[in-house]
>>> print(open('target-v9.cif').read())   # mmCIF, C-alpha atoms; chains and numbers go by the auth columns
data_data
loop_
_atom_site.group_PDB
_atom_site.id
_atom_site.type_symbol
_atom_site.label_atom_id
_atom_site.label_comp_id
_atom_site.label_asym_id
_atom_site.label_seq_id
_atom_site.Cartn_x
_atom_site.Cartn_y
_atom_site.Cartn_z
_atom_site.B_iso_or_equiv
_atom_site.auth_seq_id
_atom_site.auth_asym_id
ATOM 1 C CA MET A 1 15.035 -1.096 40.376 0.00 1 B
ATOM 2 C CA ILE A 2 15.606 -1.456 36.646 0.00 2 B
ATOM 3 C CA ALA A 3 12.786 -0.290 34.428 0.00 3 B
ATOM 4 C CA LYS A 4 11.572 -2.905 32.016 0.00 4 B
ATOM 5 C CA ARG A 5 11.861 -1.872 28.378 0.00 5 B
ATOM 6 C CA TYR A 6 8.726 -2.530 26.379 0.00 6 B
ATOM 7 C CA GLU A 7 8.929 -3.396 22.712 0.00 7 B
ATOM 8 C CA PRO A 8 6.285 -2.031 20.348 0.00 8 B
ATOM 9 C CA PHE A 9 3.575 -4.517 19.408 0.00 9 B
ATOM 10 C CA TRP A 10 4.805 -4.950 15.829 0.00 10 B
ATOM 11 C CA LYS A 11 8.089 -6.344 17.158 0.00 11 B
ATOM 12 C CA THR A 12 6.452 -8.792 19.566 0.00 12 B
ATOM 13 C CA THR A 13 3.246 -9.804 17.779 0.00 13 B
ATOM 14 C CA PRO A 14 3.337 -11.783 14.547 0.00 14 B
ATOM 15 C CA LEU A 15 1.180 -10.290 11.774 0.00 15 B
ATOM 16 C CA LYS A 16 -1.175 -13.268 11.876 0.00 16 B
ATOM 17 C CA LYS A 17 -1.809 -12.748 15.603 0.00 17 B
ATOM 18 C CA MET A 18 -2.432 -8.986 15.564 0.00 18 B
ATOM 19 C CA SER A 19 -5.756 -7.605 16.695 0.00 19 B
ATOM 20 C CA PRO A 20 -7.812 -5.836 14.017 0.00 20 B
ATOM 21 C CA VAL A 21 -6.780 -2.455 15.462 0.00 21 B
ATOM 22 C CA GLU A 22 -3.085 -3.399 15.440 0.00 22 B
ATOM 23 C CA TRP A 23 -3.383 -4.783 11.890 0.00 23 B
ATOM 24 C CA GLU A 24 -5.033 -1.605 10.589 0.00 24 B
ATOM 25 C CA SER A 25 -2.402 0.576 12.264 0.00 25 B
ATOM 26 C CA ILE A 26 0.365 -1.151 10.268 0.00 26 B
ATOM 27 C CA CYS A 27 -1.060 0.442 7.117 0.00 27 B
ATOM 28 C CA ASP A 28 1.013 3.560 6.470 0.00 28 B
ATOM 29 C CA GLY A 29 -1.712 5.190 4.347 0.00 29 B
ATOM 30 C CA CYS A 30 0.385 5.536 1.194 0.00 30 B
ATOM 31 C CA GLY A 31 -2.503 4.620 -1.147 0.00 31 B
ATOM 32 C CA LYS A 32 -0.349 2.400 -3.382 0.00 32 B
ATOM 33 C CA CYS A 33 -2.588 -0.636 -2.952 0.00 33 B
ATOM 34 C CA CYS A 34 -5.450 1.497 -4.309 0.00 34 B
ATOM 35 C CA LEU A 35 -3.701 1.939 -7.655 0.00 35 B
ATOM 36 C CA GLN A 36 -5.162 -0.071 -10.512 0.00 36 B
ATOM 37 C CA LYS A 37 -3.213 -3.121 -11.553 0.00 37 B
ATOM 38 C CA LEU A 38 -3.083 -4.942 -14.871 0.00 38 B
ATOM 39 C CA GLN A 39 -2.188 -8.603 -15.189 0.00 39 B
ATOM 40 C CA ASP A 40 -0.560 -10.288 -18.154 0.00 40 B
ATOM 41 C CA ASP A 41 -2.865 -13.162 -19.145 0.00 41 B
ATOM 42 C CA GLU A 42 0.017 -15.393 -20.196 0.00 42 B
ATOM 43 C CA THR A 43 2.609 -14.814 -17.467 0.00 43 B
ATOM 44 C CA GLU A 44 0.215 -13.644 -14.712 0.00 44 B
ATOM 45 C CA GLU A 45 2.699 -10.847 -13.945 0.00 45 B
ATOM 46 C CA VAL A 46 1.071 -7.893 -12.180 0.00 46 B
ATOM 47 C CA PHE A 47 1.723 -4.343 -13.384 0.00 47 B
ATOM 48 C CA TYR A 48 0.831 -1.264 -11.364 0.00 48 B
ATOM 49 C CA THR A 49 -0.521 1.872 -12.977 0.00 49 B
ATOM 50 C CA ASN A 50 -0.605 5.412 -11.652 0.00 50 B
ATOM 51 C CA LEU A 51 -4.417 5.231 -11.898 0.00 51 B
ATOM 52 C CA SER A 52 -6.151 5.276 -8.555 0.00 52 B
ATOM 53 C CA CYS A 53 -9.443 3.684 -7.697 0.00 53 B
ATOM 54 C CA HIS A 54 -12.205 6.245 -8.125 0.00 54 B
ATOM 55 C CA GLN A 55 -12.980 5.908 -4.404 0.00 55 B
ATOM 56 C CA LEU A 56 -9.498 7.037 -3.315 0.00 56 B
ATOM 57 C CA ASN A 57 -9.194 10.612 -2.127 0.00 57 B
ATOM 58 C CA ILE A 58 -5.818 11.265 -3.747 0.00 58 B
ATOM 59 C CA GLY A 59 -5.042 14.278 -1.544 0.00 59 B
ATOM 60 C CA SER A 60 -5.445 12.387 1.726 0.00 60 B
ATOM 61 C CA CYS A 61 -4.672 8.891 0.353 0.00 61 B
ATOM 62 C CA GLN A 62 -7.761 7.615 2.160 0.00 62 B
ATOM 63 C CA CYS A 63 -10.629 5.575 0.766 0.00 63 B
ATOM 64 C CA LYS A 64 -13.851 7.590 0.617 0.00 64 B
ATOM 65 C CA VAL A 65 -15.923 4.475 1.402 0.00 65 B
ATOM 66 C CA TYR A 66 -13.487 2.380 3.450 0.00 66 B
ATOM 67 C CA GLU A 67 -16.055 0.566 5.604 0.00 67 B
ATOM 68 C CA THR A 68 -18.153 -0.476 2.577 0.00 68 B
ATOM 69 C CA ARG A 69 -15.416 -0.608 -0.076 0.00 69 B
ATOM 70 C CA GLN A 70 -16.101 -4.209 -1.137 0.00 70 B
ATOM 71 C CA ASP A 71 -19.754 -3.319 -1.758 0.00 71 B
ATOM 72 C CA LYS A 72 -18.836 -0.230 -3.785 0.00 72 B
ATOM 73 C CA VAL A 73 -15.811 -1.620 -5.684 0.00 73 B
ATOM 74 C CA SER A 74 -16.107 -5.321 -6.468 0.00 74 B
ATOM 75 C CA THR A 75 -12.407 -5.612 -7.363 0.00 75 B
ATOM 76 C CA CYS A 76 -11.156 -4.049 -4.132 0.00 76 B
ATOM 77 C CA ILE A 77 -8.600 -6.270 -2.422 0.00 77 B
ATOM 78 C CA THR A 78 -8.603 -6.478 1.343 0.00 78 B
ATOM 79 C CA LEU A 79 -5.211 -7.269 2.835 0.00 79 B
ATOM 80 C CA THR A 80 -5.553 -9.744 5.673 0.00 80 B
ATOM 81 C CA PRO A 81 -3.104 -11.488 8.005 0.00 81 B
ATOM 82 C CA ASP A 82 -3.903 -14.798 6.326 0.00 82 B
ATOM 83 C CA GLN A 83 -2.390 -13.504 3.071 0.00 83 B
ATOM 84 C CA VAL A 84 0.969 -12.218 4.337 0.00 84 B
ATOM 85 C CA ASP A 85 2.944 -14.786 2.383 0.00 85 B
ATOM 86 C CA GLU A 86 1.314 -13.478 -0.818 0.00 86 B
ATOM 87 C CA PHE A 87 2.332 -9.826 -0.319 0.00 87 B
ATOM 88 C CA HIS A 88 5.187 -10.029 -2.850 0.00 88 B
ATOM 89 C CA TRP A 89 3.008 -8.152 -5.369 0.00 89 B
ATOM 90 C CA LEU A 90 2.862 -5.094 -3.119 0.00 90 B
ATOM 91 C CA PRO A 91 5.409 -2.284 -3.608 0.00 91 B
ATOM 92 C CA ASP A 92 8.618 -2.769 -1.645 0.00 92 B
ATOM 93 C CA THR A 93 7.705 0.151 0.627 0.00 93 B
ATOM 94 C CA CYS A 94 4.346 -1.303 1.729 0.00 94 B
ATOM 95 C CA SER A 95 4.529 -1.510 5.516 0.00 95 B
ATOM 96 C CA TYR A 96 2.753 -4.866 5.617 0.00 96 B
ATOM 97 C CA ARG A 97 5.288 -6.293 3.190 0.00 97 B
ATOM 98 C CA VAL A 98 8.272 -4.664 4.940 0.00 98 B
ATOM 99 C CA LEU A 99 7.145 -5.933 8.342 0.00 99 B
ATOM 100 C CA TYR A 100 6.570 -9.428 6.983 0.00 100 B
ATOM 101 C CA GLU A 101 9.952 -9.562 5.246 0.00 101 B
ATOM 102 C CA THR A 102 12.147 -7.755 7.791 0.00 102 B
ATOM 103 C CA LYS A 103 10.202 -8.155 11.066 0.00 103 B
ATOM 104 C CA ASP A 104 10.315 -4.377 11.603 0.00 104 B
ATOM 105 C CA LEU A 105 8.642 -1.261 10.292 0.00 105 B
ATOM 106 C CA PRO A 106 10.527 1.211 8.099 0.00 106 B
ATOM 107 C CA ASN A 107 12.125 4.156 9.918 0.00 107 B
ATOM 108 C CA TRP A 108 9.688 6.605 8.272 0.00 108 B
ATOM 109 C CA HIS A 109 6.514 4.756 9.364 0.00 109 B
ATOM 110 C CA PRO A 110 3.979 6.885 11.283 0.00 110 B
ATOM 111 C CA LEU A 111 3.990 4.418 14.210 0.00 111 B
ATOM 112 C CA VAL A 112 7.772 4.801 14.495 0.00 112 B
ATOM 113 C CA VAL A 113 7.990 8.557 13.900 0.00 113 B
ATOM 114 C CA GLY A 114 4.710 9.566 15.552 0.00 114 B
ATOM 115 C CA SER A 115 3.241 11.209 12.444 0.00 115 B
ATOM 116 C CA ASP A 116 3.165 10.898 8.662 0.00 116 B
ATOM 117 C CA LYS A 117 5.540 13.850 8.149 0.00 117 B
ATOM 118 C CA GLU A 118 8.633 11.801 7.280 0.00 118 B
ATOM 119 C CA MET A 119 6.684 9.584 4.903 0.00 119 B
ATOM 120 C CA LEU A 120 5.296 12.667 3.164 0.00 120 B
ATOM 121 C CA ARG A 121 8.733 14.322 3.079 0.00 121 B
ATOM 122 C CA GLN A 122 10.131 11.288 1.278 0.00 122 B
ATOM 123 C CA GLY A 123 7.250 11.283 -1.209 0.00 123 B
ATOM 124 C CA LEU A 124 6.104 7.776 -0.300 0.00 124 B
ATOM 125 C CA THR A 125 2.393 8.369 -0.970 0.00 125 B
ATOM 126 C CA VAL A 126 0.507 8.470 -4.268 0.00 126 B
ATOM 127 C CA ARG A 127 -0.726 12.041 -3.795 0.00 127 B
ATOM 128 C CA HIS A 128 1.769 13.603 -6.224 0.00 128 B
ATOM 129 C CA TYR A 129 1.339 11.229 -9.144 0.00 129 B
ATOM 130 C CA ALA A 130 -1.950 9.322 -8.925 0.00 130 B
ATOM 131 C CA VAL A 131 -4.642 10.001 -11.498 0.00 131 B
ATOM 132 C CA ASN A 132 -8.291 9.074 -10.938 0.00 132 B
ATOM 133 C CA GLU A 133 -9.134 6.010 -13.050 0.00 133 B
ATOM 134 C CA ASN A 134 -12.354 7.668 -14.255 0.00 134 B
ATOM 135 C CA THR A 135 -10.364 10.304 -16.145 0.00 135 B
ATOM 136 C CA VAL A 136 -8.698 7.760 -18.474 0.00 136 B
ATOM 137 C CA ASP A 137 -10.380 5.428 -20.970 0.00 137 B
ATOM 138 C CA GLU A 138 -9.732 1.825 -19.993 0.00 138 B
ATOM 139 C CA GLU A 139 -8.169 1.179 -23.424 0.00 139 B
ATOM 140 C CA GLU A 140 -5.450 3.689 -22.435 0.00 140 B
ATOM 141 C CA TRP A 141 -4.604 2.169 -19.039 0.00 141 B
ATOM 142 C CA GLU A 142 -1.536 0.396 -20.449 0.00 142 B
ATOM 143 C CA THR A 143 0.018 3.813 -21.108 0.00 143 B
ATOM 144 C CA HIS A 144 -0.150 4.467 -17.344 0.00 144 B
ATOM 145 C CA VAL A 145 1.862 1.440 -16.217 0.00 145 B
ATOM 146 C CA ILE A 146 4.624 2.247 -13.733 0.00 146 B
ATOM 147 C CA LYS A 147 7.346 0.274 -12.002 0.00 147 B
ATOM 148 C CA TRP A 148 8.508 0.788 -8.442 0.00 148 B
ATOM 149 C CA VAL A 149 12.085 1.925 -7.906 0.00 149 B
ATOM 150 C CA HIS A 150 12.751 2.254 -4.179 0.00 150 B
ATOM 151 C CA GLY A 151 9.091 3.022 -3.589 0.00 151 B
ATOM 152 C CA MET A 152 8.879 5.696 -6.262 0.00 152 B
ATOM 153 C CA PRO A 153 7.064 5.276 -9.593 0.00 153 B
ATOM 154 C CA GLU A 154 8.818 5.332 -12.935 0.00 154 B
ATOM 155 C CA PRO A 155 7.250 4.782 -16.372 0.00 155 B
ATOM 156 C CA TYR A 156 7.277 1.208 -17.559 0.00 156 B
ATOM 157 C CA ASP A 157 7.612 0.716 -21.296 0.00 157 B
ATOM 158 C CA VAL A 158 6.546 -2.877 -21.829 0.00 158 B
ATOM 159 C CA ILE A 159 3.420 -4.755 -20.909 0.00 159 B
#
>>> encode(input="target-v9.cif", output="structure tokens")
Amino acid sequence: MIAKRYEPFWKTTPLKKMSPVEWESICDGCGKCCLQKLQDDETEEVFYTNLSCHQLNIGSCQCKVYETRQDKVSTCITLTPDQVDEFHWLPDTCSYRVLYETKDLPNWHPLVVGSDKEMLRQGLTVRHYAVNENTVDEEEWETHVIKWVHGMPEPYDVI
């Protein structure tokens, strides 16, 4: 008898058909979507900063108020399966974006590896460079703009 090989759910279930538990498990916990973004009024281009939402625990890259985040932070964006075609604004290492674009998770993803150790080893979370938004005057946010280069932040000179 030949054993049947089972594919992981992310290879067999389209993002839009995932259960809420499956959808949440695709998040790699990097914290990058919790970084403040600025948008150019004329071009509508989105710029990331290294400033984290005040509700992000930078050390663990977890939201302190995840279940009630929309009530606590009116600008918090919830990623949903209905928006997958709009994920182009997310960093190129975002697991939702990678799965949508490539139909597979990155080789460092906790679901693939079994833990977050490889992701942490590669420095793919915000814990080493994020700064709490409350520590910087909003007029100075432009000086904190970054660009993503292979999932890592670099200063961005122009806004």
>>> closest_atom_pairs(input="target-v9.cif", of="region 49-158 of chain B", to="region 21-38 of chain B", cutoff="7 Å", atoms="only C-alpha atoms", output="Markdown table")
| residue | atom | partner | partner_atom | distance |
| --- | --- | --- | --- | --- |
| B:Thr49 | CA | B:Gln36 | CA | 5.6 |
| B:Asn50 | CA | B:Leu35 | CA | 6.1 |
| B:Leu51 | CA | B:Leu35 | CA | 5.4 |
| B:Ser52 | CA | B:Leu35 | CA | 4.2 |
| B:Cys53 | CA | B:Cys34 | CA | 5.7 |
| B:Leu56 | CA | B:Cys34 | CA | 6.9 |
| B:Cys61 | CA | B:Gly31 | CA | 5.0 |
| B:Gln62 | CA | B:Gly29 | CA | 6.9 |
| B:Ser95 | CA | B:Cys27 | CA | 6.1 |
| B:Tyr96 | CA | B:Ile26 | CA | 6.4 |
| B:His109 | CA | B:Asp28 | CA | 6.3 |
| B:Pro110 | CA | B:Asp28 | CA | 6.6 |
| B:Leu124 | CA | B:Cys30 | CA | 6.3 |
| B:Thr125 | CA | B:Cys30 | CA | 4.1 |
| B:Val126 | CA | B:Gly31 | CA | 5.8 |
>>> write_last_selection(input="target-v9.cif", atoms="C-alpha atoms", output="short mmCIF file (atom, residue, chain, number, x, y, z; two decimals), in the coordinates of the input")
data_model
loop_
_atom_site.label_atom_id
_atom_site.label_comp_id
_atom_site.auth_asym_id
_atom_site.auth_seq_id
_atom_site.Cartn_x
_atom_site.Cartn_y
_atom_site.Cartn_z
CA THR B 49 -0.52 1.87 -12.98
CA ASN B 50 -0.60 5.41 -11.65
CA LEU B 51 -4.42 5.23 -11.90
CA SER B 52 -6.15 5.28 -8.56
CA CYS B 53 -9.44 3.68 -7.70
CA LEU B 56 -9.50 7.04 -3.32
CA CYS B 61 -4.67 8.89 0.35
CA GLN B 62 -7.76 7.62 2.16
CA SER B 95 4.53 -1.51 5.52
CA TYR B 96 2.75 -4.87 5.62
CA HIS B 109 6.51 4.76 9.36
CA PRO B 110 3.98 6.88 11.28
CA LEU B 124 6.10 7.78 -0.30
CA THR B 125 2.39 8.37 -0.97
CA VAL B 126 0.51 8.47 -4.27
#
>>> closest_residue(input="target-v9.cif", among="B:Lys72, B:Pro155, B:Asn107, B:Val98", to="Val84 (chain B)", atoms="all atoms listed in the file")
B:Val98
>>> atom_distance(input="target-v9.cif", atom1="CA of Pro153 (chain B)", atom2="CA of Thr43 (chain B)")
22.0 Å
>>> resolve_selection(input="target-v9.cif", expression="the PyMOL selection byres ((chain B and resi 136) around 12)", output="PDB file with C-alpha atoms, in the frame of the given file")
ATOM      1  CA  GLN B  36      -5.162  -0.071 -10.512  1.00  0.00           C
ATOM      2  CA  THR B  49      -0.521   1.872 -12.977  1.00  0.00           C
ATOM      3  CA  ASN B  50      -0.605   5.412 -11.652  1.00  0.00           C
ATOM      4  CA  LEU B  51      -4.417   5.231 -11.898  1.00  0.00           C
ATOM      5  CA  SER B  52      -6.151   5.276  -8.555  1.00  0.00           C
ATOM      6  CA  CYS B  53      -9.443   3.684  -7.697  1.00  0.00           C
ATOM      7  CA  HIS B  54     -12.205   6.245  -8.125  1.00  0.00           C
ATOM      8  CA  ALA B 130      -1.950   9.322  -8.925  1.00  0.00           C
ATOM      9  CA  VAL B 131      -4.642  10.001 -11.498  1.00  0.00           C
ATOM     10  CA  ASN B 132      -8.291   9.074 -10.938  1.00  0.00           C
ATOM     11  CA  GLU B 133      -9.134   6.010 -13.050  1.00  0.00           C
ATOM     12  CA  ASN B 134     -12.354   7.668 -14.255  1.00  0.00           C
ATOM     13  CA  THR B 135     -10.364  10.304 -16.145  1.00  0.00           C
ATOM     14  CA  ASP B 137     -10.380   5.428 -20.970  1.00  0.00           C
ATOM     15  CA  GLU B 138      -9.732   1.825 -19.993  1.00  0.00           C
ATOM     16  CA  GLU B 139      -8.169   1.179 -23.424  1.00  0.00           C
ATOM     17  CA  GLU B 140      -5.450   3.689 -22.435  1.00  0.00           C
ATOM     18  CA  TRP B 141      -4.604   2.169 -19.039  1.00  0.00           C
ATOM     19  CA  GLU B 142      -1.536   0.396 -20.449  1.00  0.00           C
ATOM     20  CA  THR B 143       0.018   3.813 -21.108  1.00  0.00           C
ATOM     21  CA  HIS B 144      -0.150   4.467 -17.344  1.00  0.00           C
TER      22      HIS B 144
END
>>> closest_residue(input="target-v9.cif", among="B:Asp82, B:Glu118, B:Asp71, B:Asp41", to="Tyr100 (chain B)", atoms="only C-alpha atoms")
B:Asp82
>>> closest_residue(input="target-v9.cif", among="B:Gly123, B:Pro20, B:Pro14, B:Pro8", to="Leu79 (chain B)", atoms="all atoms listed in the file")
B:Pro20
>>> axis_aligned_box(input="target-v9.cif", around="region 76-92 of chain B", padding_each_side="3 Å", output="AutoDock Vina command-line options")
--center_x -1.3 --center_y -8.5 --center_z 1.3 --size_x 25.8 --size_y 18.5 --size_z 19.4
>>> atom_distance(input="target-v9.cif", atom1="CA of Glu101 (chain B)", atom2="CA of Thr13 (chain B)")
14.2 Å
>>> build_atoms(input="target-v9.cif", residues="region 31-63 of chain B", atoms="N, CA and C atoms", output="mmCIF file, keeping the file's coordinate frame")
data_model
loop_
_atom_site.group_PDB
_atom_site.id
_atom_site.type_symbol
_atom_site.label_atom_id
_atom_site.label_comp_id
_atom_site.auth_asym_id
_atom_site.auth_seq_id
_atom_site.Cartn_x
_atom_site.Cartn_y
_atom_site.Cartn_z
ATOM 1 N N GLY B 31 -1.560 4.683 -0.038
ATOM 2 C CA GLY B 31 -2.503 4.620 -1.147
ATOM 3 C C GLY B 31 -2.045 3.761 -2.313
ATOM 4 N N LYS B 32 -0.878 3.162 -2.238
ATOM 5 C CA LYS B 32 -0.349 2.400 -3.382
ATOM 6 C C LYS B 32 -1.183 1.155 -3.684
ATOM 7 N N CYS B 33 -1.774 0.546 -2.674
ATOM 8 C CA CYS B 33 -2.588 -0.636 -2.952
ATOM 9 C C CYS B 33 -3.899 -0.258 -3.635
ATOM 10 N N CYS B 34 -4.235 1.027 -3.647
ATOM 11 C CA CYS B 34 -5.450 1.497 -4.309
ATOM 12 C C CYS B 34 -5.205 1.890 -5.762
ATOM 13 N N LEU B 35 -3.988 1.692 -6.244
ATOM 14 C CA LEU B 35 -3.701 1.939 -7.655
ATOM 15 C C LEU B 35 -4.172 0.732 -8.471
ATOM 16 N N GLN B 36 -4.698 1.009 -9.642
ATOM 17 C CA GLN B 36 -5.162 -0.071 -10.512
ATOM 18 C C GLN B 36 -3.985 -0.904 -10.989
ATOM 19 N N LYS B 37 -4.235 -2.183 -11.107
ATOM 20 C CA LYS B 37 -3.213 -3.121 -11.553
ATOM 21 C C LYS B 37 -3.706 -3.833 -12.807
ATOM 22 N N LEU B 38 -2.784 -4.158 -13.679
ATOM 23 C CA LEU B 38 -3.083 -4.942 -14.871
ATOM 24 C C LEU B 38 -2.303 -6.242 -14.760
ATOM 25 N N GLN B 39 -2.871 -7.311 -15.265
ATOM 26 C CA GLN B 39 -2.188 -8.603 -15.189
ATOM 27 C C GLN B 39 -2.043 -9.182 -16.586
ATOM 28 N N ASP B 40 -0.834 -9.626 -16.885
ATOM 29 C CA ASP B 40 -0.560 -10.288 -18.154
ATOM 30 C C ASP B 40 -1.250 -11.651 -18.121
ATOM 31 N N ASP B 41 -2.108 -11.908 -19.113
ATOM 32 C CA ASP B 41 -2.865 -13.162 -19.145
ATOM 33 C C ASP B 41 -1.974 -14.385 -19.285
ATOM 34 N N GLU B 42 -0.861 -14.244 -19.962
ATOM 35 C CA GLU B 42 0.017 -15.393 -20.196
ATOM 36 C C GLU B 42 0.963 -15.665 -19.028
ATOM 37 N N THR B 43 1.607 -14.620 -18.528
ATOM 38 C CA THR B 43 2.609 -14.814 -17.467
ATOM 39 C C THR B 43 2.044 -14.606 -16.069
ATOM 40 N N GLU B 44 0.860 -14.008 -15.972
ATOM 41 C CA GLU B 44 0.215 -13.644 -14.712
ATOM 42 C C GLU B 44 0.980 -12.576 -13.938
ATOM 43 N N GLU B 45 1.963 -11.940 -14.583
ATOM 44 C CA GLU B 45 2.699 -10.847 -13.945
ATOM 45 C C GLU B 45 1.765 -9.667 -13.717
ATOM 46 N N VAL B 46 1.910 -9.032 -12.555
ATOM 47 C CA VAL B 46 1.071 -7.893 -12.180
ATOM 48 C C VAL B 46 1.832 -6.603 -12.445
ATOM 49 N N PHE B 47 1.153 -5.650 -13.089
ATOM 50 C CA PHE B 47 1.723 -4.343 -13.384
ATOM 51 C C PHE B 47 0.875 -3.275 -12.704
ATOM 52 N N TYR B 48 1.522 -2.397 -11.970
ATOM 53 C CA TYR B 48 0.831 -1.264 -11.364
ATOM 54 C C TYR B 48 0.681 -0.149 -12.386
ATOM 55 N N THR B 49 -0.366 0.646 -12.203
ATOM 56 C CA THR B 49 -0.521 1.872 -12.977
ATOM 57 C C THR B 49 -0.500 3.037 -11.991
ATOM 58 N N ASN B 50 -0.487 4.243 -12.528
ATOM 59 C CA ASN B 50 -0.605 5.412 -11.652
ATOM 60 C C ASN B 50 -2.069 5.831 -11.518
ATOM 61 N N LEU B 51 -2.980 4.955 -11.943
ATOM 62 C CA LEU B 51 -4.417 5.231 -11.898
ATOM 63 C C LEU B 51 -5.000 4.737 -10.581
ATOM 64 N N SER B 52 -5.582 5.657 -9.848
ATOM 65 C CA SER B 52 -6.151 5.276 -8.555
ATOM 66 C C SER B 52 -7.602 4.859 -8.716
ATOM 67 N N CYS B 53 -8.030 4.027 -7.804
ATOM 68 C CA CYS B 53 -9.443 3.684 -7.697
ATOM 69 C C CYS B 53 -10.224 4.995 -7.570
ATOM 70 N N HIS B 54 -11.393 5.023 -8.173
ATOM 71 C CA HIS B 54 -12.205 6.245 -8.125
ATOM 72 C C HIS B 54 -12.668 6.584 -6.710
ATOM 73 N N GLN B 55 -12.571 5.640 -5.790
ATOM 74 C CA GLN B 55 -12.980 5.908 -4.404
ATOM 75 C C GLN B 55 -11.826 6.421 -3.534
ATOM 76 N N LEU B 56 -10.629 6.527 -4.093
ATOM 77 C CA LEU B 56 -9.498 7.037 -3.315
ATOM 78 C C LEU B 56 -9.479 8.563 -3.362
ATOM 79 N N ASN B 57 -9.429 9.177 -2.198
ATOM 80 C CA ASN B 57 -9.194 10.612 -2.127
ATOM 81 C C ASN B 57 -7.687 10.775 -2.279
ATOM 82 N N ILE B 58 -7.254 11.211 -3.448
ATOM 83 C CA ILE B 58 -5.818 11.265 -3.747
ATOM 84 C C ILE B 58 -5.082 12.216 -2.802
ATOM 85 N N GLY B 59 -5.699 13.308 -2.426
ATOM 86 C CA GLY B 59 -5.042 14.278 -1.544
ATOM 87 C C GLY B 59 -4.730 13.735 -0.162
ATOM 88 N N SER B 60 -5.653 12.937 0.384
ATOM 89 C CA SER B 60 -5.445 12.387 1.726
ATOM 90 C C SER B 60 -4.978 10.935 1.700
ATOM 91 N N CYS B 61 -5.015 10.311 0.522
ATOM 92 C CA CYS B 61 -4.672 8.891 0.353
ATOM 93 C C CYS B 61 -5.563 7.990 1.211
ATOM 94 N N GLN B 62 -6.798 8.392 1.392
ATOM 95 C CA GLN B 62 -7.761 7.615 2.160
ATOM 96 C C GLN B 62 -8.936 7.229 1.270
ATOM 97 N N CYS B 63 -9.456 6.037 1.496
ATOM 98 C CA CYS B 63 -10.629 5.575 0.766
ATOM 99 C C CYS B 63 -11.848 6.364 1.242
#
